[in-house]
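This is target11.cif (mmCIF, C-alpha atoms).
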data_model
#
loop_
_atom_site.label_atom_id
_atom_site.label_comp_id
_atom_site.auth_asym_id
_atom_site.auth_seq_id
_atom_site.Cartn_x
_atom_site.Cartn_y
_atom_site.Cartn_z
CA MET M 874 -13.90 19.60 16.49
CA THR M 875 -14.95 16.32 14.91
CA GLY M 876 -13.65 12.81 15.52
CA TRP M 877 -11.76 10.79 12.90
CA SER M 878 -10.06 7.39 12.95
CA ASN M 879 -8.21 5.31 10.41
CA TRP M 880 -9.46 1.99 9.01
CA SER M 881 -7.94 -0.18 11.74
CA GLY M 882 -9.02 2.15 14.54
CA SER M 883 -5.49 2.60 15.90
CA VAL M 884 -5.03 6.20 14.73
CA THR M 885 -7.46 8.86 15.91
CA ALA M 886 -7.65 12.62 15.54
CA SER M 887 -9.88 15.55 16.41
CA PRO M 888 -9.55 17.96 13.47
CA ARG M 889 -10.95 21.44 13.84
CA GLN M 890 -12.67 20.94 10.48
CA LEU M 891 -13.30 17.97 8.22
CA ALA M 892 -14.13 19.35 4.76
CA LYS M 893 -15.08 17.87 1.37
CA PRO M 894 -14.57 20.72 -1.13
CA ARG M 895 -16.13 20.36 -4.56
CA THR M 896 -14.41 23.18 -6.47
CA ALA M 897 -10.98 24.75 -6.78
CA ALA M 898 -12.31 27.96 -5.26
CA GLU M 899 -13.63 26.11 -2.20
CA LEU M 900 -10.37 24.22 -1.83
CA ALA M 901 -8.26 27.37 -2.16
CA ALA M 902 -10.28 29.16 0.51
CA LEU M 903 -9.93 26.24 2.90
CA VAL M 904 -6.19 25.80 2.34
CA THR M 905 -5.24 29.46 2.59
CA GLN M 906 -7.22 30.01 5.79
CA ALA M 907 -5.92 26.93 7.62
CA ARG M 908 -2.80 26.80 9.74
CA LYS M 909 -2.24 23.08 9.12
CA VAL M 910 -3.68 20.86 6.36
CA ARG M 911 -3.75 17.12 5.84
CA VAL M 912 -5.70 15.09 3.27
CA VAL M 913 -7.38 11.73 3.88
CA GLY M 914 -8.78 9.09 1.56
CA ALA M 915 -9.97 5.77 2.96
CA GLY M 916 -7.81 5.96 6.07
CA HIS M 917 -5.83 2.86 5.10
CA SER M 918 -2.57 4.24 6.51
CA PHE M 919 -1.55 2.60 9.78
CA MET M 920 0.78 5.49 10.59
CA PRO M 921 -0.56 8.90 11.70
CA LEU M 922 -0.06 10.45 8.27
CA CYS M 923 -3.54 12.00 8.27
CA GLU M 924 -3.65 13.03 11.92
CA THR M 925 -4.27 16.75 12.47
CA GLY M 926 -5.93 19.09 14.89
CA ASP M 927 -6.71 21.64 12.21
CA LEU M 928 -8.03 21.05 8.66
CA LEU M 929 -8.57 17.52 7.35
CA LEU M 930 -9.58 17.39 3.68
CA ASN M 931 -11.32 14.65 1.69
CA LEU M 932 -11.35 15.10 -2.08
CA SER M 933 -13.68 12.25 -3.02
CA ASP M 934 -16.33 14.75 -4.23
CA TYR M 935 -13.91 17.19 -5.86
CA GLU M 936 -14.72 18.31 -9.40
CA GLY M 937 -13.07 16.47 -12.28
CA ALA M 938 -13.27 13.48 -14.57
CA VAL M 939 -10.92 11.07 -16.32
CA GLU M 940 -9.18 12.83 -19.23
CA ILE M 941 -7.79 10.33 -21.75
CA ALA M 942 -4.75 11.30 -23.82
CA PRO M 943 -5.10 11.00 -27.61
CA ASP M 944 -2.68 8.04 -27.68
CA ARG M 945 -4.68 6.35 -24.86
CA LYS M 946 -1.46 5.60 -22.98
CA THR M 947 -2.05 8.05 -20.12
CA VAL M 948 -4.98 9.68 -18.35
CA TRP M 949 -5.45 12.61 -16.00
CA ALA M 950 -7.44 11.19 -13.09
CA PRO M 951 -9.04 12.93 -10.09
CA ALA M 952 -6.58 12.44 -7.24
CA GLY M 953 -9.31 12.01 -4.63
CA TRP M 954 -11.07 9.16 -6.39
CA SER M 955 -10.72 5.73 -4.86
CA LEU M 956 -8.85 3.12 -6.88
CA LYS M 957 -12.13 1.21 -7.02
CA ARG M 958 -13.92 4.15 -8.65
CA LEU M 959 -11.01 4.95 -10.94
CA THR M 960 -10.47 1.41 -12.24
CA ALA M 961 -14.18 0.96 -12.96
CA ALA M 962 -14.20 4.27 -14.89
CA LEU M 963 -11.12 3.22 -16.85
CA TRP M 964 -12.67 -0.16 -17.70
CA ALA M 965 -15.72 1.60 -19.12
CA GLU M 966 -13.30 3.37 -21.49
CA GLY M 967 -11.46 0.18 -22.44
CA LEU M 968 -8.48 0.85 -20.17
CA SER M 969 -6.81 -0.64 -17.08
CA LEU M 970 -4.13 0.34 -14.63
CA ILE M 971 -0.81 -1.34 -15.38
CA ASN M 972 -0.75 -2.83 -11.88
CA GLN M 973 -2.45 -2.38 -8.53
CA GLY M 974 -2.49 -3.88 -5.06
CA ASP M 975 -4.97 -6.26 -3.51
CA VAL M 976 -7.20 -3.63 -1.88
CA ASN M 977 -8.84 -0.75 -3.71
CA PRO M 978 -10.63 1.66 -1.32
CA GLN M 979 -7.57 3.95 -1.10
CA SER M 980 -7.55 7.26 -2.93
CA LEU M 981 -5.28 7.51 -5.95
CA ALA M 982 -3.33 10.34 -4.30
CA GLY M 983 -2.93 8.41 -1.07
CA ALA M 984 -1.65 5.32 -2.83
CA VAL M 985 0.80 7.30 -4.97
CA SER M 986 2.08 9.54 -2.18
CA THR M 987 2.99 6.56 0.04
CA GLY M 988 4.49 4.29 -2.64
CA THR M 989 1.73 1.67 -2.50
CA HIS M 990 2.40 -1.30 -4.76
CA GLY M 991 1.14 -4.63 -6.00
CA THR M 992 3.35 -7.53 -6.97
CA GLY M 993 5.35 -8.45 -10.05
CA ALA M 994 9.11 -8.82 -10.39
CA ALA M 995 9.21 -6.40 -13.33
CA LEU M 996 6.54 -3.99 -12.06
CA GLY M 997 7.11 -0.97 -9.85
CA SER M 998 4.90 0.78 -7.35
CA LEU M 999 1.96 2.92 -8.41
CA SER M 1000 4.23 5.96 -8.05
CA THR M 1001 6.41 4.72 -10.94
CA GLN M 1002 3.44 4.92 -13.31
CA VAL M 1003 2.80 8.63 -12.67
CA LEU M 1004 3.89 11.27 -15.19
CA GLY M 1005 2.42 14.49 -13.80
CA PHE M 1006 0.50 16.24 -11.03
CA ARG M 1007 -1.85 19.17 -10.55
CA LEU M 1008 -1.37 20.52 -7.04
CA MET M 1009 -2.85 23.21 -4.87
CA THR M 1010 0.00 24.81 -2.97
CA ALA M 1011 0.03 26.39 0.48
CA ASP M 1012 -0.89 29.83 -0.94
CA GLY M 1013 -3.93 28.49 -2.83
CA ARG M 1014 -2.37 28.35 -6.30
CA LEU M 1015 -3.00 25.51 -8.74
CA VAL M 1016 0.36 24.33 -10.08
CA GLU M 1017 1.17 21.64 -12.64
CA CYS M 1018 4.36 19.65 -12.71
CA ASP M 1019 5.90 16.90 -14.83
CA PRO M 1020 9.44 15.92 -15.88
CA ASP M 1021 9.74 19.12 -17.94
CA LEU M 1022 7.51 21.58 -16.06
CA ASN M 1023 8.66 22.29 -12.48
CA PRO M 1024 10.78 19.11 -12.65
CA ASP M 1025 12.09 19.29 -9.06
CA LEU M 1026 8.56 19.59 -7.73
CA HIS M 1027 7.58 16.61 -9.87
CA GLU M 1028 10.46 14.49 -8.60
CA ALA M 1029 9.61 15.22 -4.98
CA GLN M 1030 5.87 14.79 -5.51
CA ARG M 1031 6.24 11.30 -6.97
CA LEU M 1032 6.33 10.05 -3.37
CA SER M 1033 5.65 13.02 -1.15
CA LEU M 1034 3.59 11.84 1.87
CA GLY M 1035 1.43 14.89 1.16
CA LEU M 1036 4.16 17.33 2.23
CA LEU M 1037 4.15 19.55 -0.87
CA GLY M 1038 0.50 20.41 -1.45
CA VAL M 1039 -2.93 18.98 -2.17
CA ALA M 1040 -2.92 16.80 -5.29
CA VAL M 1041 -6.14 17.38 -7.24
CA ALA M 1042 -5.31 15.44 -10.42
CA ILE M 1043 -2.66 12.88 -11.36
CA ARG M 1044 -1.48 11.88 -14.83
CA ILE M 1045 -0.92 8.13 -14.80
CA GLN M 1046 0.06 5.53 -17.37
CA VAL M 1047 -2.61 3.04 -18.40
CA ALA M 1048 -2.91 -0.03 -20.62
CA PRO M 1049 -5.61 -1.42 -22.91
CA ALA M 1050 -8.19 -3.20 -20.76
CA TYR M 1051 -7.15 -6.76 -19.96
CA HIS M 1052 -8.47 -9.81 -18.14
CA LEU M 1053 -6.61 -11.77 -15.49
CA GLU M 1054 -6.51 -15.40 -14.49
CA GLU M 1055 -6.06 -15.92 -10.76
CA ARG M 1056 -4.77 -19.23 -9.41
CA ILE M 1057 -4.49 -20.03 -5.70
CA GLU M 1058 -2.91 -23.23 -4.45
CA ARG M 1059 -1.05 -24.67 -1.47
CA ARG M 1060 2.66 -25.36 -1.89
CA PRO M 1061 5.49 -26.22 0.52
CA LEU M 1062 7.55 -23.17 1.45
CA ALA M 1063 10.73 -25.10 0.68
CA GLU M 1064 9.56 -25.71 -2.89
CA VAL M 1065 8.49 -22.10 -3.48
CA ALA M 1066 11.76 -20.79 -2.04
CA GLU M 1067 13.80 -23.07 -4.30
CA ARG M 1068 11.77 -22.17 -7.41
CA LEU M 1069 11.12 -18.49 -6.64
CA ASP M 1070 12.85 -17.13 -9.74
CA GLU M 1071 11.13 -19.68 -11.96
CA LEU M 1072 7.70 -19.03 -10.47
CA SER M 1073 8.04 -15.24 -10.66
CA ALA M 1074 9.18 -15.43 -14.30
CA ALA M 1075 6.28 -17.70 -15.28
CA THR M 1076 3.54 -15.24 -14.39
CA ARG M 1077 3.09 -11.47 -14.43
CA HIS M 1078 2.11 -11.28 -10.77
CA MET M 1079 3.12 -13.77 -8.09
CA GLU M 1080 2.91 -13.61 -4.29
CA PHE M 1081 2.41 -15.94 -1.40
CA PHE M 1082 1.03 -15.94 2.12
CA ILE M 1083 2.40 -18.06 4.94
CA PHE M 1084 1.10 -18.58 8.45
CA PRO M 1085 4.17 -18.42 10.67
CA TYR M 1086 3.43 -21.80 12.28
CA SER M 1087 2.93 -23.65 8.98
CA ASP M 1088 5.48 -24.98 6.51
CA ASP M 1089 3.14 -24.51 3.52
CA VAL M 1090 2.28 -21.32 1.67
CA ILE M 1091 -0.82 -20.05 -0.10
CA LEU M 1092 0.61 -19.29 -3.55
CA LYS M 1093 -1.29 -16.75 -5.62
CA SER M 1094 -0.56 -15.95 -9.24
CA LEU M 1095 -2.22 -13.54 -11.68
CA HIS M 1096 -1.61 -13.56 -15.40
CA PRO M 1097 -3.26 -11.79 -18.35
CA ILE M 1098 -5.61 -14.03 -20.30
CA ALA M 1099 -8.07 -13.75 -23.16
CA PRO M 1100 -11.63 -13.11 -21.88
CA THR M 1101 -13.00 -16.42 -23.14
CA GLU M 1102 -14.26 -18.03 -19.96
CA THR M 1103 -14.97 -17.46 -16.29
CA GLY M 1104 -13.48 -19.81 -13.71
CA ARG M 1105 -14.95 -20.84 -10.39
CA ALA M 1106 -14.64 -18.13 -7.74
CA ALA M 1107 -11.40 -18.50 -5.80
CA LYS M 1108 -11.32 -19.00 -2.07
CA GLU M 1109 -8.81 -17.06 -0.04
CA ILE M 1110 -8.37 -15.57 3.40
CA GLY M 1111 -10.84 -12.73 3.71
CA ASP M 1112 -13.21 -13.94 0.97
CA GLU M 1113 -16.05 -16.43 1.53
CA SER M 1114 -13.97 -18.11 4.24
CA GLU M 1115 -13.93 -14.81 6.11
CA GLY M 1116 -16.41 -15.92 8.77
CA ALA M 1117 -14.38 -18.99 9.68
CA PHE M 1118 -11.14 -17.03 9.74
CA ARG M 1119 -12.68 -14.32 11.94
CA ALA M 1120 -13.78 -17.03 14.39
CA ILE M 1121 -10.22 -18.38 14.48
CA CYS M 1122 -8.86 -14.87 15.09
CA ASP M 1123 -11.32 -14.36 17.95
CA LEU M 1124 -10.32 -17.70 19.45
CA CYS M 1125 -6.63 -16.76 19.19
CA ALA M 1126 -7.39 -13.43 20.85
CA ALA M 1127 -9.03 -15.24 23.77
CA LEU M 1128 -6.48 -18.08 23.93
CA PRO M 1129 -3.23 -16.96 22.21
CA ALA M 1130 -1.51 -20.27 22.99
CA LEU M 1131 -3.80 -21.99 20.47
CA THR M 1132 -2.43 -19.91 17.57
CA PRO M 1133 0.16 -22.45 16.28
CA ALA M 1134 -2.26 -25.40 16.34
CA LEU M 1135 -5.09 -23.43 14.71
CA GLN M 1136 -2.84 -22.22 11.90
CA ARG M 1137 -1.68 -25.74 11.11
CA LEU M 1138 -5.33 -26.84 11.13
CA VAL M 1139 -6.28 -24.08 8.68
CA MET M 1140 -3.59 -25.17 6.23
CA ARG M 1141 -4.47 -28.86 6.53
CA THR M 1142 -8.11 -28.15 5.71
CA MET M 1143 -7.41 -26.01 2.65
CA GLY M 1144 -9.13 -27.52 -0.35
CA LYS M 1145 -7.87 -28.06 -3.85
CA ALA M 1146 -6.41 -25.34 -6.03
CA THR M 1147 -8.87 -22.69 -7.21
CA ARG M 1148 -9.10 -20.50 -10.28
CA ARG M 1149 -11.10 -17.55 -11.55
CA VAL M 1150 -10.97 -15.24 -14.58
CA GLY M 1151 -12.32 -11.73 -14.96
CA PRO M 1152 -11.62 -8.07 -15.71
CA ALA M 1153 -8.30 -7.02 -14.18
CA TYR M 1154 -9.87 -4.37 -11.95
CA GLU M 1155 -12.16 -7.01 -10.40
CA ILE M 1156 -9.49 -9.70 -9.97
CA PHE M 1157 -6.71 -7.59 -8.45
CA PRO M 1158 -8.52 -6.58 -5.23
CA ALA M 1159 -9.78 -8.86 -2.48
CA GLU M 1160 -12.21 -8.10 0.31
CA ARG M 1161 -10.45 -7.12 3.53
CA ASN M 1162 -13.17 -6.73 6.16
CA ILE M 1163 -11.40 -8.25 9.17
CA ARG M 1164 -9.57 -5.35 10.80
CA PHE M 1165 -5.85 -5.72 11.34
CA GLU M 1166 -2.69 -3.75 12.00
CA GLU M 1167 0.16 -4.01 9.50
CA MET M 1168 3.90 -3.54 9.23
CA GLU M 1169 5.65 -3.92 5.89
CA TYR M 1170 9.32 -3.76 5.01
CA GLU M 1171 10.82 -3.50 1.54
CA LEU M 1172 14.04 -5.49 1.28
CA PRO M 1173 16.76 -5.95 -1.33
CA ARG M 1174 15.62 -8.78 -3.61
CA ALA M 1175 18.43 -11.11 -2.50
CA SER M 1176 17.64 -10.76 1.20
CA GLY M 1177 13.87 -11.07 0.86
CA LEU M 1178 13.46 -14.81 1.42
CA PRO M 1179 16.22 -15.13 4.04
CA THR M 1180 14.63 -12.29 6.01
CA LEU M 1181 11.17 -13.83 5.73
CA LYS M 1182 12.54 -17.12 7.04
CA ALA M 1183 14.33 -15.29 9.86
CA ALA M 1184 11.09 -13.55 10.83
CA ILE M 1185 9.20 -16.87 10.87
CA ALA M 1186 11.95 -18.48 12.96
CA HIS M 1187 11.82 -15.59 15.44
CA ILE M 1188 8.03 -15.83 15.75
CA ARG M 1189 8.26 -19.57 16.40
CA GLN M 1190 11.11 -19.29 18.87
CA ARG M 1191 9.31 -16.59 20.86
CA ARG M 1192 5.90 -18.24 20.31
CA LEU M 1193 4.43 -14.91 19.26
CA PRO M 1194 0.65 -15.16 18.66
CA ILE M 1195 0.63 -13.69 15.14
CA THR M 1196 -2.77 -14.70 13.75
CA PHE M 1197 -2.55 -13.49 10.14
CA PRO M 1198 -0.25 -14.93 7.46
CA LEU M 1199 2.85 -13.05 6.39
CA GLU M 1200 2.72 -11.78 2.80
CA PHE M 1201 5.66 -11.96 0.36
CA ARG M 1202 5.77 -10.00 -2.91
CA LEU M 1203 8.33 -8.94 -5.52
CA VAL M 1204 8.56 -5.33 -6.77
CA ALA M 1205 10.81 -3.67 -9.36
CA GLY M 1206 13.33 -1.02 -8.38
CA ASP M 1207 12.86 2.66 -9.23
CA ASP M 1208 14.58 6.07 -9.10
CA ILE M 1209 12.12 7.97 -6.88
CA TRP M 1210 13.84 10.04 -4.18
CA MET M 1211 11.82 8.80 -1.21
CA SER M 1212 10.91 5.33 -2.49
CA PRO M 1213 12.06 2.32 -0.44
CA PHE M 1214 12.67 0.57 -3.78
CA ASN M 1215 15.16 3.14 -5.10
CA ALA M 1216 18.16 0.93 -4.31
CA GLY M 1217 17.15 -1.75 -6.82
CA PRO M 1218 14.75 -4.69 -7.22
CA GLY M 1219 12.91 -5.42 -4.01
CA ALA M 1220 11.07 -8.04 -2.03
CA SER M 1221 8.22 -6.95 0.21
CA VAL M 1222 7.40 -8.71 3.48
CA SER M 1223 4.20 -7.74 5.31
CA LEU M 1224 3.29 -8.70 8.87
CA HIS M 1225 -0.34 -8.39 9.97
CA GLN M 1226 -1.94 -8.75 13.38
CA TYR M 1227 -5.62 -9.01 14.27
CA ALA M 1228 -6.81 -5.59 15.45
CA LYS M 1229 -8.24 -7.03 18.67
CA MET M 1230 -4.85 -8.40 19.71
CA PRO M 1231 -1.69 -6.64 20.95
CA TRP M 1232 0.64 -5.81 18.09
CA ARG M 1233 3.28 -3.32 19.28
CA PRO M 1234 5.63 -5.74 21.13
CA ALA M 1235 5.63 -8.34 18.33
CA PHE M 1236 6.06 -5.70 15.62
CA ALA M 1237 9.01 -4.22 17.49
CA GLU M 1238 10.74 -7.60 17.58
CA ILE M 1239 10.11 -8.38 13.90
CA GLU M 1240 11.05 -4.85 12.83
CA ALA M 1241 14.55 -5.53 14.18
CA VAL M 1242 14.72 -8.64 11.97
CA MET M 1243 13.60 -6.61 8.94
CA ARG M 1244 16.21 -3.93 9.58
CA ASP M 1245 18.91 -6.59 9.92
CA GLY M 1246 17.92 -7.70 6.41
CA GLY M 1247 18.54 -4.20 5.01
CA GLY M 1248 14.85 -3.31 4.86
CA ARG M 1249 13.14 0.06 4.65
CA PRO M 1250 9.49 0.36 5.73
CA HIS M 1251 6.43 1.18 3.69
CA TRP M 1252 5.69 4.75 4.73
CA ALA M 1253 2.02 4.04 5.51
CA LYS M 1254 2.58 0.83 7.48
CA ARG M 1255 3.75 0.57 11.09
CA HIS M 1256 7.40 1.49 11.68
CA THR M 1257 9.57 3.31 14.21
CA LEU M 1258 11.95 5.22 11.95
CA THR M 1259 13.51 8.39 13.34
CA ALA M 1260 14.78 11.42 11.45
CA ASP M 1261 18.32 10.04 11.77
CA ASP M 1262 17.16 6.77 10.20
CA VAL M 1263 15.51 8.57 7.29
CA HIS M 1264 18.61 10.62 6.55
CA ARG M 1265 20.79 7.50 6.73
CA LEU M 1266 18.56 5.33 4.56
CA TYR M 1267 17.62 7.87 1.85
CA PRO M 1268 20.54 9.56 0.04
CA ARG M 1269 18.20 12.00 -1.76
CA VAL M 1270 16.30 13.15 1.32
CA GLY M 1271 18.21 16.44 1.22
CA ASP M 1272 16.86 17.16 -2.27
CA PHE M 1273 13.36 16.22 -1.16
CA LEU M 1274 13.48 18.53 1.86
CA ARG M 1275 14.95 21.39 -0.21
CA VAL M 1276 11.97 21.21 -2.59
CA ARG M 1277 9.54 20.86 0.30
CA GLN M 1278 10.95 23.98 1.93
CA ALA M 1279 10.69 25.95 -1.32
CA TRP M 1280 7.02 25.09 -1.91
CA ASP M 1281 5.79 25.04 1.69
CA PRO M 1282 8.13 27.22 3.79
CA THR M 1283 5.79 27.31 6.80
CA ALA M 1284 5.26 23.52 6.79
CA LYS M 1285 1.50 23.94 6.44
CA PHE M 1286 1.19 20.38 5.12
CA ALA M 1287 3.29 18.77 7.88
CA ASN M 1288 1.75 17.27 11.01
CA THR M 1289 3.48 16.20 14.23
CA HIS M 1290 4.43 12.75 12.92
CA LEU M 1291 5.96 14.06 9.68
CA THR M 1292 7.74 16.92 11.46
CA GLN M 1293 9.44 14.41 13.72
CA LEU M 1294 10.07 11.87 10.95
CA PHE M 1295 11.92 14.33 8.74
CA GLY M 1296 13.34 16.56 11.44
CA LEU M 1297 11.59 19.64 10.07
#

Structure translated into structure tokens:
Amino acid sequence: MTGWSNWSGSVTASPRQLAKPRTAAELAALVTQARKVRVVGAGHSFMPLCETGDLLLNLSDYEGAVEIAPDRKTVWAPAGWSLKRLTAALWAEGLSLINQGDVNPQSLAGAVSTGTHGTGAALGSLSTQVLGFRLMTADGRLVECDPDLNPDLHEAQRLSLGLLGVAVAIRIQVAPAYHLEERIERRPLAEVAERLDELSAATRHMEFFIFPYSDDVILKSLHPIAPTETGRAAKEIGDESEGAFRAICDLCAALPALTPALQRLVMRTMGKATRRVGPAYEIFPAERNIRFEEMEYELPRASGLPTLKAAIAHIRQRRLPITFPLEFRLVAGDDIWMSPFNAGPGASVSLHQYAKMPWRPAFAEIEAVMRDGGGRPHWAKRHTLTADDVHRLYPRVGDFLRVRQAWDPTAKFANTHLTQLFGL
């Protein structure tokens, strides 16, 4: 037995074996001999998706390299590579991911299998950019799937939570390497809410952060730009102001009643708008070193802002000591069976809490607000969905479970959490 915990420290496990296979033969031997198998990347899931008492795999050292298609529109990428490693390798070849989120330690497979996304009204999650998989199945076979080859397996694998096999390589769409301009500025929430459609149409990526006890937002926009200059490094929560923000979080943890006043002080002391320019893979991610717990709900586009405002009103009314800002993003709809965006264009609302502070009671209250808004949770962020909820919210769950049963009849890749979540 060896100990394992996720990034925030809230999920722990004692797997019988933690293995980092390097070859297909090593991986096949491990998978076929194990009773239960889960795969872990950076441990950035806040749900117990990686928890197991048997075999826990890490594919960061697994054999493979980026294979670029002749038309340079897609690549086969090692599934266990972190997004940080992958995007740097793509940049060296003159390529970039079409979109990515604001943290990059996660493995490619982990991000795809949970529907991780960035922001952009016309841009879908990372899963929407995938066109094929190479998987090791429960019996140790390497199987390939795409829209034409094993199409049902491909459809289910597009967002699979690791229930179908071990992804060893993923074929993903890419774009010619591009630079981004990042702008960060303070704006009144009322103004941003009124001009949301205009602001989202004016830039490729737009999001904002709002402390629940402030009426202003931290508006962040990213837009492709010619690589002609480099702007001054932008300041944001978690960057060079990290030390000051950590001190505020520690003070809120000791004296929760100070949370509203400290948040208003933070927003009043924000300086002028900032700007920076650089390679896309360097501008997308931000440092996230202050540990937190997170819940995120994906809402129908029309109910996104009203639900955000309802969550803020609830936090204020109940005087909940939520120390981190809420995050609001726009994401395109998709057709993936188990994607929370498969009902149409979405708005994403994320709630974070400092890891040293209680989070369960507040999350439970805000989760009710999110559900009232028609939301469905990010699979890797905190939620309390039951099997009945999953079957009610996802019309294609029957197809997903039929494929899962066909490829893994003994549920080798399911752990306790996933067994309960899907009613296996």

May I have the residues within 12 Å of Pro1158 in chain M as a PyMOL selection string, using only C-alpha atoms and disregarding those fewer than 4 positions away in the same chain?
chain M and resi 956-957+960+972-979+991+1053+1055+1095+1109+1111-1112+1151-1154

Using C-alpha atoms, can you write the selected residues to a file as a CSV table (one decimal), in the coordinates of the input?
chain,number,residue,atom,x,y,z
M,956,LEU,CA,-8.8,3.1,-6.9
M,957,LYS,CA,-12.1,1.2,-7.0
M,960,THR,CA,-10.5,1.4,-12.2
M,972,ASN,CA,-0.8,-2.8,-11.9
M,973,GLN,CA,-2.4,-2.4,-8.5
M,974,GLY,CA,-2.5,-3.9,-5.1
M,975,ASP,CA,-5.0,-6.3,-3.5
M,976,VAL,CA,-7.2,-3.6,-1.9
M,977,ASN,CA,-8.8,-0.8,-3.7
M,978,PRO,CA,-10.6,1.7,-1.3
M,979,GLN,CA,-7.6,4.0,-1.1
M,991,GLY,CA,1.1,-4.6,-6.0
M,1053,LEU,CA,-6.6,-11.8,-15.5
M,1055,GLU,CA,-6.1,-15.9,-10.8
M,1095,LEU,CA,-2.2,-13.5,-11.7
M,1109,GLU,CA,-8.8,-17.1,0.0
M,1111,GLY,CA,-10.8,-12.7,3.7
M,1112,ASP,CA,-13.2,-13.9,1.0
M,1151,GLY,CA,-12.3,-11.7,-15.0
M,1152,PRO,CA,-11.6,-8.1,-15.7
M,1153,ALA,CA,-8.3,-7.0,-14.2
M,1154,TYR,CA,-9.9,-4.4,-12.0

Using all atoms listed in the file, pick whichever of M:Pro1234, M:Pro1173, M:Pro943, M:Gly937 has the shortest atom-to-atom distance to Arg1007 in chain M.
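For Arg1007 in chain M, the nearest of the given residues is M:Gly937.
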
Minimum-distance residue to Ile1209 in chain M, chosen among M:Leu1181, M:Ala1134, M:Ala1284, M:Leu1032 (using all atoms listed in the file):
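Among the listed residues, M:Leu1032 lies closest to Ile1209 in chain M.
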
Contacts of Asp1207 in chain M at 8 Å (only C-alpha atoms; same-chain gap of 5+ positions) as a list in words
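The neighbour list is Gly997, Thr1001, Ser1212, Phe1214, Asn1215, Ala1216, Gly1217 and Pro1218 of chain M.
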
I need the residue nearest Arg1275 in chain M from this list: M:Ala1050, M:Val948, M:Ala1127, M:Ala1029. Use only C-alpha atoms for the distance.
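For Arg1275 in chain M, the nearest of the given residues is M:Ala1029.
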
Any chance you could work out the residue set of the PyMOL selection byres ((chain M and resi 1059) around 8) here, as a JSON list (two decimals) with C-alpha atoms, keeping the file's coordinate frame?
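The result, stored in result-v1.json:
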[["chain", "number", "residue", "atom", "x", "y", "z"],
["M", 1057, "ILE", "CA", -4.49, -20.03, -5.70],
["M", 1058, "GLU", "CA", -2.91, -23.23, -4.45],
["M", 1060, "ARG", "CA", 2.66, -25.36, -1.89],
["M", 1061, "PRO", "CA", 5.49, -26.22, 0.52],
["M", 1089, "ASP", "CA", 3.14, -24.51, 3.52],
["M", 1090, "VAL", "CA", 2.28, -21.32, 1.67],
["M", 1091, "ILE", "CA", -0.82, -20.05, -0.10],
["M", 1092, "LEU", "CA", 0.61, -19.29, -3.55],
["M", 1143, "MET", "CA", -7.41, -26.01, 2.65],
["M", 1145, "LYS", "CA", -7.87, -28.06, -3.85],
["M", 1146, "ALA", "CA", -6.41, -25.34, -6.03]]

Quote the spacing between CA of Val1003 in chain M and CA of Thr1076 in chain M in Å to one decimal place.
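Between CA of Val1003 in chain M and CA of Thr1076 in chain M the gap works out to 23.9 Å.
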
Quick one: of M:Ala1237, M:Ala1159, M:Leu1172, M:Leu970, who's nearest to Arg945 in chain M, counting all atoms listed in the file?
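Closest residue, counting all atoms listed in the file: M:Leu970.
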
Specify as a ChimeraX atom specification each residue included when the PyMOL selection byres ((chain M and resi 1016) around 12) is applied to this file.
/M:897,1005-1015,1017-1019,1022-1024,1026-1027,1030,1037-1043,1280
